[in-house]
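*Asks:* Here's a structure for you.
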Amino acid sequence: MSPKGQPRNALPRNGQTPNEQPPNGHPHLISPPGAAVAVASFPLGNGEWFSSHEHPAHQLAWAPHGVLAVRACGRTWVLPSTVALWIPAGVRHATGATSPALLRSLYFWPDRCPLTWDEPQVVPVSSLLRELINYLAQDPDSLSAEPRQRAEDVVLDLLRPVSVTTVRAPLPADPRARRIAEALRADPADGRTLAEWGTVVGASARTLARAFVSGTGMTYGQWRTQLRLQAAMPMLAAGATVSAVARRVGYGSPSAFVAAFRRGVGVPPGAYFAPAPASR
């Protein structure tokens, strides 16, 4: 993916490279000698994923176009272009796209990075941070060492985590509860109660309620809310209106959906999926 024999303080280093293997050909990697930050760009098609892997460097995963999803630490993040995900070095993760996307990853070597976050963090991508990432993605011949270092320093200054909660809807282990969960994944708007589902899968509502709590750590109602929010996020990221998404995932009104989204994620959908500024 890049030439070997780079200086020790460059990225890649010691023959190591960002080890994603892109589904669609080779990445475009910018890693000039002496740089503290490398930038790699990977085109991804709808539904394409990198297999689970880890890096010796910290990674900032961001998509200027399209919508990313990252699975790590038992959680899934859906990332429109307004936010990125900081993935600490050594954390196993898988990255994919819920729509055709350009994954633009920044890699930071830990010994040259002041950030010490030990868990993935969602980072807002302001218009300034967006421009700086694109600035660092220039061909190395277009950007000399000193301006590049100044830009790298400002990028680090701009990385601030935002308080959002990941949406989790794990499948329960009980086969009857799992049948219900899989049916709801296919149709999140299905409003049947556990008693009604019980006649389909052959179990009492009480048995199914226990199966959801023991298998997911949530009540059936809590789990279904999480599933609906999880289903809604790619639609919102693709530009669907709140009212249309609310109907498609089973809410009777947009206001009920917005309230559930705020409770579940920490911010309303308008803040999480605000339109990103256009690149110059």
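Residues in the structure tokens are named by chain (A, B, ... in the order shown) and by number from 1 within that chain; ligands are numbered from 1 in the order shown.
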Excluding Ser253 in chain A and residues on its chain fewer than 4 positions from it, collect all residues at most 10 Å away from it, counting only C-alpha atoms, and give them as a list in words.
*Replies:* Val242, Ser243, Ala244, Ala246, Arg247, Phe257 and Val258 of chain A
*Asks:* For the selection just defined, write its residues with all heavy atoms to a file, as an mmCIF file, in the first residue's frame.
*Replies:*
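The file below, out20.cif, is the result:
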```cif
data_model
loop_
_atom_site.group_PDB
_atom_site.id
_atom_site.type_symbol
_atom_site.label_atom_id
_atom_site.label_comp_id
_atom_site.auth_asym_id
_atom_site.auth_seq_id
_atom_site.Cartn_x
_atom_site.Cartn_y
_atom_site.Cartn_z
ATOM 1 N N VAL A 242 -37.616 13.599 8.793
ATOM 2 C CA VAL A 242 -37.926 13.021 10.100
ATOM 3 C C VAL A 242 -39.316 12.399 10.082
ATOM 4 O O VAL A 242 -39.529 11.308 10.631
ATOM 5 C CB VAL A 242 -37.808 14.095 11.201
ATOM 6 C CG1 VAL A 242 -38.424 13.608 12.506
ATOM 7 C CG2 VAL A 242 -36.345 14.465 11.425
ATOM 8 N N SER A 243 -40.280 13.062 9.464
ATOM 9 C CA SER A 243 -41.645 12.517 9.459
ATOM 10 C C SER A 243 -41.718 11.204 8.695
ATOM 11 O O SER A 243 -42.385 10.250 9.124
ATOM 12 C CB SER A 243 -42.619 13.533 8.873
ATOM 13 O OG SER A 243 -42.249 13.883 7.549
ATOM 14 N N ALA A 244 -41.011 11.116 7.556
ATOM 15 C CA ALA A 244 -41.017 9.870 6.784
ATOM 16 C C ALA A 244 -40.343 8.749 7.560
ATOM 17 O O ALA A 244 -40.844 7.615 7.594
ATOM 18 C CB ALA A 244 -40.324 10.080 5.444
ATOM 19 N N ALA A 246 -39.967 8.532 10.838
ATOM 20 C CA ALA A 246 -40.802 8.183 11.993
ATOM 21 C C ALA A 246 -41.859 7.158 11.608
ATOM 22 O O ALA A 246 -42.076 6.169 12.317
ATOM 23 C CB ALA A 246 -41.442 9.440 12.567
ATOM 24 N N ARG A 247 -42.531 7.377 10.475
ATOM 25 C CA ARG A 247 -43.555 6.415 10.032
ATOM 26 C C ARG A 247 -42.941 5.067 9.711
ATOM 27 O O ARG A 247 -43.488 4.014 10.072
ATOM 28 C CB ARG A 247 -44.274 6.963 8.793
ATOM 29 C CG ARG A 247 -45.195 8.135 9.046
ATOM 30 C CD ARG A 247 -46.092 8.384 7.848
ATOM 31 N NE ARG A 247 -45.328 8.627 6.625
ATOM 32 C CZ ARG A 247 -44.900 9.823 6.234
ATOM 33 N NH1 ARG A 247 -45.151 10.888 6.984
ATOM 34 N NH2 ARG A 247 -44.236 9.955 5.091
ATOM 35 N N PHE A 257 -40.960 10.484 17.725
ATOM 36 C CA PHE A 257 -39.685 9.932 17.250
ATOM 37 C C PHE A 257 -38.513 10.808 17.687
ATOM 38 O O PHE A 257 -37.489 10.306 18.156
ATOM 39 C CB PHE A 257 -39.707 9.802 15.733
ATOM 40 C CG PHE A 257 -38.364 9.490 15.137
ATOM 41 C CD1 PHE A 257 -37.788 8.237 15.311
ATOM 42 C CD2 PHE A 257 -37.656 10.447 14.429
ATOM 43 C CE1 PHE A 257 -36.537 7.948 14.785
ATOM 44 C CE2 PHE A 257 -36.417 10.169 13.885
ATOM 45 C CZ PHE A 257 -35.854 8.913 14.067
ATOM 46 N N VAL A 258 -38.645 12.127 17.537
ATOM 47 C CA VAL A 258 -37.560 13.032 17.930
ATOM 48 C C VAL A 258 -37.269 12.890 19.415
ATOM 49 O O VAL A 258 -36.103 12.872 19.837
ATOM 50 C CB VAL A 258 -37.913 14.490 17.567
ATOM 51 C CG1 VAL A 258 -36.917 15.467 18.203
ATOM 52 C CG2 VAL A 258 -37.931 14.670 16.054
#
```
*Asks:* Can you pull out every residue within 12 Å of Gln230 in chain A, counting only C-alpha atoms, but drop anything in the same chain fewer than 4 positions away, and send it as JSON, numbers by chain?
*Replies:* {"A": [69, 75, 76, 77, 78, 79, 98, 165, 166, 167, 168, 169, 170, 184, 185, 188, 223, 224, 225, 226, 234, 235, 236, 237, 245, 249, 260, 261, 264, 265]}
*Asks:* Output as number ranges by chain all residues of range 25-244 of chain A that backbone DSSP marks as strand (DSSP E or B).
*Replies:* A: 28-30, 37-44, 49, 53, 58-65, 68-72, 75-79, 83-87, 93-97, 101-108, 121-124
*Asks:* Report as a tab-separated table (two decimals) with N, CA, C and O atoms, in the first residue's frame all protein, DNA and RNA residues lying within 10 Å of range 197-213 of chain A, evaluated on only C-alpha atoms, omitting residues in the same chain fewer than 6 positions from it.
*Replies:*
```tsv
chain	number	residue	atom	x	y	z
A	170	PRO	N	-28.78	-5.83	20.33
A	170	PRO	CA	-28.26	-7.18	20.12
A	170	PRO	C	-29.38	-8.20	20.02
A	170	PRO	O	-30.47	-8.02	20.57
A	171	LEU	N	-29.10	-9.29	19.32
A	171	LEU	CA	-30.09	-10.36	19.20
A	171	LEU	C	-30.09	-11.21	20.46
A	171	LEU	O	-29.03	-11.59	20.97
A	172	PRO	N	-31.26	-11.55	20.99
A	172	PRO	CA	-31.31	-12.45	22.15
A	172	PRO	C	-30.94	-13.87	21.76
A	172	PRO	O	-31.06	-14.27	20.59
A	173	ALA	N	-30.48	-14.64	22.74
A	173	ALA	CA	-30.05	-16.01	22.46
A	173	ALA	C	-31.23	-16.97	22.34
A	173	ALA	O	-31.18	-17.94	21.57
A	174	ASP	N	-32.29	-16.76	23.12
A	174	ASP	CA	-33.45	-17.64	23.08
A	174	ASP	C	-34.00	-17.70	21.65
A	174	ASP	O	-34.27	-16.66	21.05
A	175	PRO	N	-34.19	-18.89	21.08
A	175	PRO	CA	-34.60	-18.98	19.66
A	175	PRO	C	-35.96	-18.34	19.39
A	175	PRO	O	-36.18	-17.80	18.31
A	176	ARG	N	-36.86	-18.38	20.36
A	176	ARG	CA	-38.18	-17.77	20.13
A	176	ARG	C	-38.08	-16.25	20.15
A	176	ARG	O	-38.65	-15.56	19.29
A	177	ALA	N	-37.34	-15.71	21.10
A	177	ALA	CA	-37.14	-14.26	21.14
A	177	ALA	C	-36.33	-13.80	19.93
A	177	ALA	O	-36.57	-12.72	19.38
A	178	ARG	N	-35.39	-14.64	19.49
A	178	ARG	CA	-34.59	-14.28	18.32
A	178	ARG	C	-35.46	-14.20	17.07
A	178	ARG	O	-35.25	-13.33	16.22
A	179	ARG	N	-36.45	-15.09	16.95
A	179	ARG	CA	-37.36	-15.02	15.80
A	179	ARG	C	-38.09	-13.68	15.77
A	179	ARG	O	-38.25	-13.06	14.72
A	180	ILE	N	-38.51	-13.23	16.93
A	180	ILE	CA	-39.19	-11.94	17.02
A	180	ILE	C	-38.23	-10.82	16.65
A	180	ILE	O	-38.58	-9.91	15.87
A	181	ALA	N	-37.02	-10.88	17.19
A	181	ALA	CA	-36.03	-9.83	16.92
A	181	ALA	C	-35.71	-9.74	15.43
A	181	ALA	O	-35.62	-8.65	14.86
A	191	GLY	N	-45.92	-3.35	15.28
A	191	GLY	CA	-46.25	-2.93	16.64
A	191	GLY	C	-46.84	-4.01	17.53
A	191	GLY	O	-47.43	-3.70	18.56
A	219	THR	N	-35.42	-4.54	28.49
A	219	THR	CA	-36.78	-5.02	28.34
A	219	THR	C	-37.13	-5.05	26.85
A	219	THR	O	-36.45	-4.43	26.02
A	220	TYR	N	-38.21	-5.73	26.53
A	220	TYR	CA	-38.64	-5.78	25.13
A	220	TYR	C	-38.89	-4.38	24.59
A	220	TYR	O	-38.48	-4.04	23.48
A	221	GLY	N	-39.56	-3.53	25.37
A	221	GLY	CA	-39.84	-2.17	24.91
A	221	GLY	C	-38.57	-1.37	24.69
A	221	GLY	O	-38.45	-0.64	23.69
A	222	GLN	N	-37.63	-1.48	25.61
A	222	GLN	CA	-36.36	-0.78	25.43
A	222	GLN	C	-35.61	-1.28	24.21
A	222	GLN	O	-35.05	-0.50	23.44
A	223	TRP	N	-35.60	-2.60	24.04
A	223	TRP	CA	-34.88	-3.18	22.89
A	223	TRP	C	-35.52	-2.72	21.58
A	223	TRP	O	-34.82	-2.36	20.64
```
*Asks:* Can I get the residues of range 102-122 of chain A within 6 Å of range 25-45 of chain A, each with the closest pair of atoms and their distance in Å to one decimal, using only C-alpha atoms, sorted chain first then ascending number, as CSV?
*Replies:*
```
residue,atom,partner,partner_atom,distance
A:Leu102,CA,A:Pro43,CA,4.6
A:Leu103,CA,A:Phe42,CA,5.0
A:Arg104,CA,A:Ser41,CA,4.4
A:Ser105,CA,A:Ala40,CA,5.2
A:Leu106,CA,A:Val39,CA,4.6
A:Tyr107,CA,A:Ala38,CA,5.1
A:Phe108,CA,A:Val37,CA,5.0
```
*Asks:* Those same residues - all heavy atoms - I'd like them written as an mmCIF file, in the first residue's frame.
*Replies:*
```cif
data_model
loop_
_atom_site.group_PDB
_atom_site.id
_atom_site.type_symbol
_atom_site.label_atom_id
_atom_site.label_comp_id
_atom_site.auth_asym_id
_atom_site.auth_seq_id
_atom_site.Cartn_x
_atom_site.Cartn_y
_atom_site.Cartn_z
ATOM 1 N N LEU A 102 -16.963 7.572 0.590
ATOM 2 C CA LEU A 102 -15.515 7.695 0.562
ATOM 3 C C LEU A 102 -15.037 7.715 2.002
ATOM 4 O O LEU A 102 -15.350 8.645 2.746
ATOM 5 C CB LEU A 102 -15.089 8.978 -0.154
ATOM 6 C CG LEU A 102 -13.576 9.253 -0.141
ATOM 7 C CD1 LEU A 102 -12.822 8.191 -0.941
ATOM 8 C CD2 LEU A 102 -13.274 10.649 -0.681
ATOM 9 N N LEU A 103 -14.344 6.665 2.416
ATOM 10 C CA LEU A 103 -13.739 6.623 3.748
ATOM 11 C C LEU A 103 -12.411 7.361 3.683
ATOM 12 O O LEU A 103 -11.520 6.980 2.926
ATOM 13 C CB LEU A 103 -13.530 5.174 4.197
ATOM 14 C CG LEU A 103 -12.620 4.958 5.423
ATOM 15 C CD1 LEU A 103 -13.166 5.678 6.644
ATOM 16 C CD2 LEU A 103 -12.452 3.459 5.689
ATOM 17 N N ARG A 104 -12.309 8.414 4.470
ATOM 18 C CA ARG A 104 -11.041 9.142 4.558
ATOM 19 C C ARG A 104 -10.541 8.985 5.985
ATOM 20 O O ARG A 104 -11.125 9.528 6.919
ATOM 21 C CB ARG A 104 -11.223 10.611 4.188
ATOM 22 C CG ARG A 104 -9.930 11.414 4.202
ATOM 23 C CD ARG A 104 -10.027 12.612 3.273
ATOM 24 N NE ARG A 104 -9.888 12.213 1.882
ATOM 25 C CZ ARG A 104 -10.213 12.986 0.855
ATOM 26 N NH1 ARG A 104 -10.718 14.187 1.051
ATOM 27 N NH2 ARG A 104 -10.042 12.555 -0.397
ATOM 28 N N SER A 105 -9.485 8.212 6.159
ATOM 29 C CA SER A 105 -8.952 7.896 7.486
ATOM 30 C C SER A 105 -7.676 8.662 7.747
ATOM 31 O O SER A 105 -6.781 8.709 6.898
ATOM 32 C CB SER A 105 -8.672 6.390 7.603
ATOM 33 O OG SER A 105 -9.870 5.664 7.727
ATOM 34 N N LEU A 106 -7.591 9.227 8.947
ATOM 35 C CA LEU A 106 -6.347 9.812 9.428
ATOM 36 C C LEU A 106 -5.740 8.847 10.438
ATOM 37 O O LEU A 106 -6.458 8.292 11.279
ATOM 38 C CB LEU A 106 -6.585 11.166 10.099
ATOM 39 C CG LEU A 106 -6.660 12.394 9.185
ATOM 40 C CD1 LEU A 106 -7.846 12.305 8.245
ATOM 41 C CD2 LEU A 106 -6.713 13.673 10.009
ATOM 42 N N TYR A 107 -4.420 8.638 10.347
ATOM 43 C CA TYR A 107 -3.708 7.738 11.259
ATOM 44 C C TYR A 107 -2.665 8.542 12.027
ATOM 45 O O TYR A 107 -1.875 9.283 11.437
ATOM 46 C CB TYR A 107 -3.038 6.605 10.479
ATOM 47 C CG TYR A 107 -4.021 5.755 9.704
ATOM 48 C CD1 TYR A 107 -4.313 6.043 8.373
ATOM 49 C CD2 TYR A 107 -4.679 4.685 10.304
ATOM 50 C CE1 TYR A 107 -5.220 5.283 7.656
ATOM 51 C CE2 TYR A 107 -5.588 3.914 9.597
ATOM 52 C CZ TYR A 107 -5.852 4.220 8.279
ATOM 53 O OH TYR A 107 -6.767 3.459 7.570
ATOM 54 N N PHE A 108 -2.678 8.395 13.356
ATOM 55 C CA PHE A 108 -1.796 9.146 14.252
ATOM 56 C C PHE A 108 -0.956 8.148 15.050
ATOM 57 O O PHE A 108 -1.524 7.278 15.736
ATOM 58 C CB PHE A 108 -2.607 9.978 15.252
ATOM 59 C CG PHE A 108 -3.615 10.912 14.634
ATOM 60 C CD1 PHE A 108 -4.842 10.444 14.155
ATOM 61 C CD2 PHE A 108 -3.369 12.276 14.557
ATOM 62 C CE1 PHE A 108 -5.781 11.304 13.616
ATOM 63 C CE2 PHE A 108 -4.305 13.150 14.014
ATOM 64 C CZ PHE A 108 -5.509 12.654 13.543
#
```
*Asks:* Within 8 Å of Val162 in chain A, counting only C-alpha atoms, which residues qualify if same-chain residues fewer than 5 places away don't, as a PyMOL selection string?
*Replies:* chain A and resi 121-124
*Asks:* Give the answer as one residue: which of A:Phe273, A:Gly96, A:Ala63, A:Ser127 has the shortest atom-to-atom distance to Gly239 in chain A, using only C-alpha atoms?
*Replies:*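 Under the stated criterion, the closest residue is A:Phe273.
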*Asks:* With DSSP run on the backbone, what are the helix (DSSP H, G or I) residues within range 130-238 of chain A? I'd like them as a VMD selection string.
*Replies:* chain A and resid 130 to 136 140 to 142 145 to 158 175 to 186 194 to 201 205 to 216 220 to 237
*Asks:* How about saving the chosen residues, C-alpha atoms kept, as a PDB file, in the first residue's frame?
*Replies:*
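Dumped to part07.pdb:
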```pdb
ATOM      1  CA  ARG A 130     -13.258  19.173   7.231  1.00  0.00           C
ATOM      2  CA  GLU A 131     -11.084  21.587   5.254  1.00  0.00           C
ATOM      3  CA  LEU A 132      -7.953  20.654   7.209  1.00  0.00           C
ATOM      4  CA  ILE A 133      -8.473  16.943   6.565  1.00  0.00           C
ATOM      5  CA  ASN A 134      -8.830  17.648   2.861  1.00  0.00           C
ATOM      6  CA  TYR A 135      -5.763  19.913   3.065  1.00  0.00           C
ATOM      7  CA  LEU A 136      -3.678  17.079   4.537  1.00  0.00           C
ATOM      8  CA  PRO A 140       2.883  15.542  -0.689  1.00  0.00           C
ATOM      9  CA  ASP A 141       4.553  17.601  -3.413  1.00  0.00           C
ATOM     10  CA  SER A 142       1.875  20.272  -2.955  1.00  0.00           C
ATOM     11  CA  ALA A 145       6.766  19.979   5.845  1.00  0.00           C
ATOM     12  CA  GLU A 146       6.232  23.106   7.959  1.00  0.00           C
ATOM     13  CA  PRO A 147       2.708  23.972   6.738  1.00  0.00           C
ATOM     14  CA  ARG A 148       1.795  20.324   7.051  1.00  0.00           C
ATOM     15  CA  GLN A 149       2.974  20.179  10.671  1.00  0.00           C
ATOM     16  CA  ARG A 150       0.984  23.316  11.524  1.00  0.00           C
ATOM     17  CA  ALA A 151      -2.132  21.776   9.977  1.00  0.00           C
ATOM     18  CA  GLU A 152      -1.580  18.526  11.902  1.00  0.00           C
ATOM     19  CA  ASP A 153      -1.334  20.487  15.166  1.00  0.00           C
ATOM     20  CA  VAL A 154      -4.577  22.338  14.474  1.00  0.00           C
ATOM     21  CA  VAL A 155      -6.354  19.087  13.617  1.00  0.00           C
ATOM     22  CA  LEU A 156      -5.388  17.703  17.022  1.00  0.00           C
ATOM     23  CA  ASP A 157      -6.604  20.895  18.707  1.00  0.00           C
ATOM     24  CA  LEU A 158      -9.995  20.514  17.005  1.00  0.00           C
ATOM     25  CA  PRO A 175     -34.600 -18.980  19.665  1.00  0.00           C
ATOM     26  CA  ARG A 176     -38.182 -17.773  20.129  1.00  0.00           C
ATOM     27  CA  ALA A 177     -37.135 -14.261  21.141  1.00  0.00           C
ATOM     28  CA  ARG A 178     -34.592 -14.276  18.323  1.00  0.00           C
ATOM     29  CA  ARG A 179     -37.359 -15.019  15.796  1.00  0.00           C
ATOM     30  CA  ILE A 180     -39.195 -11.936  17.020  1.00  0.00           C
ATOM     31  CA  ALA A 181     -36.030  -9.831  16.916  1.00  0.00           C
ATOM     32  CA  GLU A 182     -35.239 -10.882  13.365  1.00  0.00           C
ATOM     33  CA  ALA A 183     -38.806 -10.160  12.243  1.00  0.00           C
ATOM     34  CA  LEU A 184     -38.599  -6.693  13.775  1.00  0.00           C
ATOM     35  CA  ARG A 185     -35.256  -6.072  12.093  1.00  0.00           C
ATOM     36  CA  ALA A 186     -37.035  -6.728   8.793  1.00  0.00           C
ATOM     37  CA  LEU A 194     -45.204  -9.778  23.286  1.00  0.00           C
ATOM     38  CA  ALA A 195     -48.512 -11.519  23.927  1.00  0.00           C
ATOM     39  CA  GLU A 196     -49.335 -11.275  20.217  1.00  0.00           C
ATOM     40  CA  TRP A 197     -45.847 -12.470  19.259  1.00  0.00           C
ATOM     41  CA  GLY A 198     -46.248 -15.341  21.703  1.00  0.00           C
ATOM     42  CA  THR A 199     -49.022 -16.846  19.591  1.00  0.00           C
ATOM     43  CA  VAL A 200     -46.614 -16.824  16.637  1.00  0.00           C
ATOM     44  CA  VAL A 201     -43.542 -18.321  18.320  1.00  0.00           C
ATOM     45  CA  ALA A 205     -45.460 -13.085  27.061  1.00  0.00           C
ATOM     46  CA  ARG A 206     -43.759 -13.547  30.439  1.00  0.00           C
ATOM     47  CA  THR A 207     -41.310 -16.114  29.031  1.00  0.00           C
ATOM     48  CA  LEU A 208     -40.459 -13.844  26.119  1.00  0.00           C
ATOM     49  CA  ALA A 209     -40.046 -10.839  28.404  1.00  0.00           C
ATOM     50  CA  ARG A 210     -37.519 -12.782  30.502  1.00  0.00           C
ATOM     51  CA  ALA A 211     -35.713 -13.918  27.333  1.00  0.00           C
ATOM     52  CA  PHE A 212     -35.242 -10.328  26.139  1.00  0.00           C
ATOM     53  CA  VAL A 213     -33.942  -9.133  29.501  1.00  0.00           C
ATOM     54  CA  SER A 214     -31.549 -12.052  29.942  1.00  0.00           C
ATOM     55  CA  GLY A 215     -30.400 -12.057  26.320  1.00  0.00           C
ATOM     56  CA  THR A 216     -30.028  -8.323  25.659  1.00  0.00           C
ATOM     57  CA  TYR A 220     -38.641  -5.783  25.132  1.00  0.00           C
ATOM     58  CA  GLY A 221     -39.842  -2.175  24.915  1.00  0.00           C
ATOM     59  CA  GLN A 222     -36.360  -0.777  25.435  1.00  0.00           C
ATOM     60  CA  TRP A 223     -34.883  -3.177  22.886  1.00  0.00           C
ATOM     61  CA  ARG A 224     -37.534  -2.328  20.279  1.00  0.00           C
ATOM     62  CA  THR A 225     -36.840   1.389  20.746  1.00  0.00           C
ATOM     63  CA  GLN A 226     -33.133   0.788  20.208  1.00  0.00           C
ATOM     64  CA  LEU A 227     -33.855  -1.269  17.107  1.00  0.00           C
ATOM     65  CA  ARG A 228     -36.085   1.448  15.675  1.00  0.00           C
ATOM     66  CA  LEU A 229     -33.440   4.101  16.263  1.00  0.00           C
ATOM     67  CA  GLN A 230     -30.797   1.853  14.697  1.00  0.00           C
ATOM     68  CA  ALA A 231     -33.003   1.374  11.629  1.00  0.00           C
ATOM     69  CA  ALA A 232     -33.713   5.103  11.429  1.00  0.00           C
ATOM     70  CA  MET A 233     -30.133   6.335  11.400  1.00  0.00           C
ATOM     71  CA  PRO A 234     -29.132   5.247   7.869  1.00  0.00           C
ATOM     72  CA  MET A 235     -32.386   6.703   6.510  1.00  0.00           C
ATOM     73  CA  LEU A 236     -31.797  10.038   8.218  1.00  0.00           C
ATOM     74  CA  ALA A 237     -28.188  10.044   7.054  1.00  0.00           C
TER      75      ALA A 237
END
```
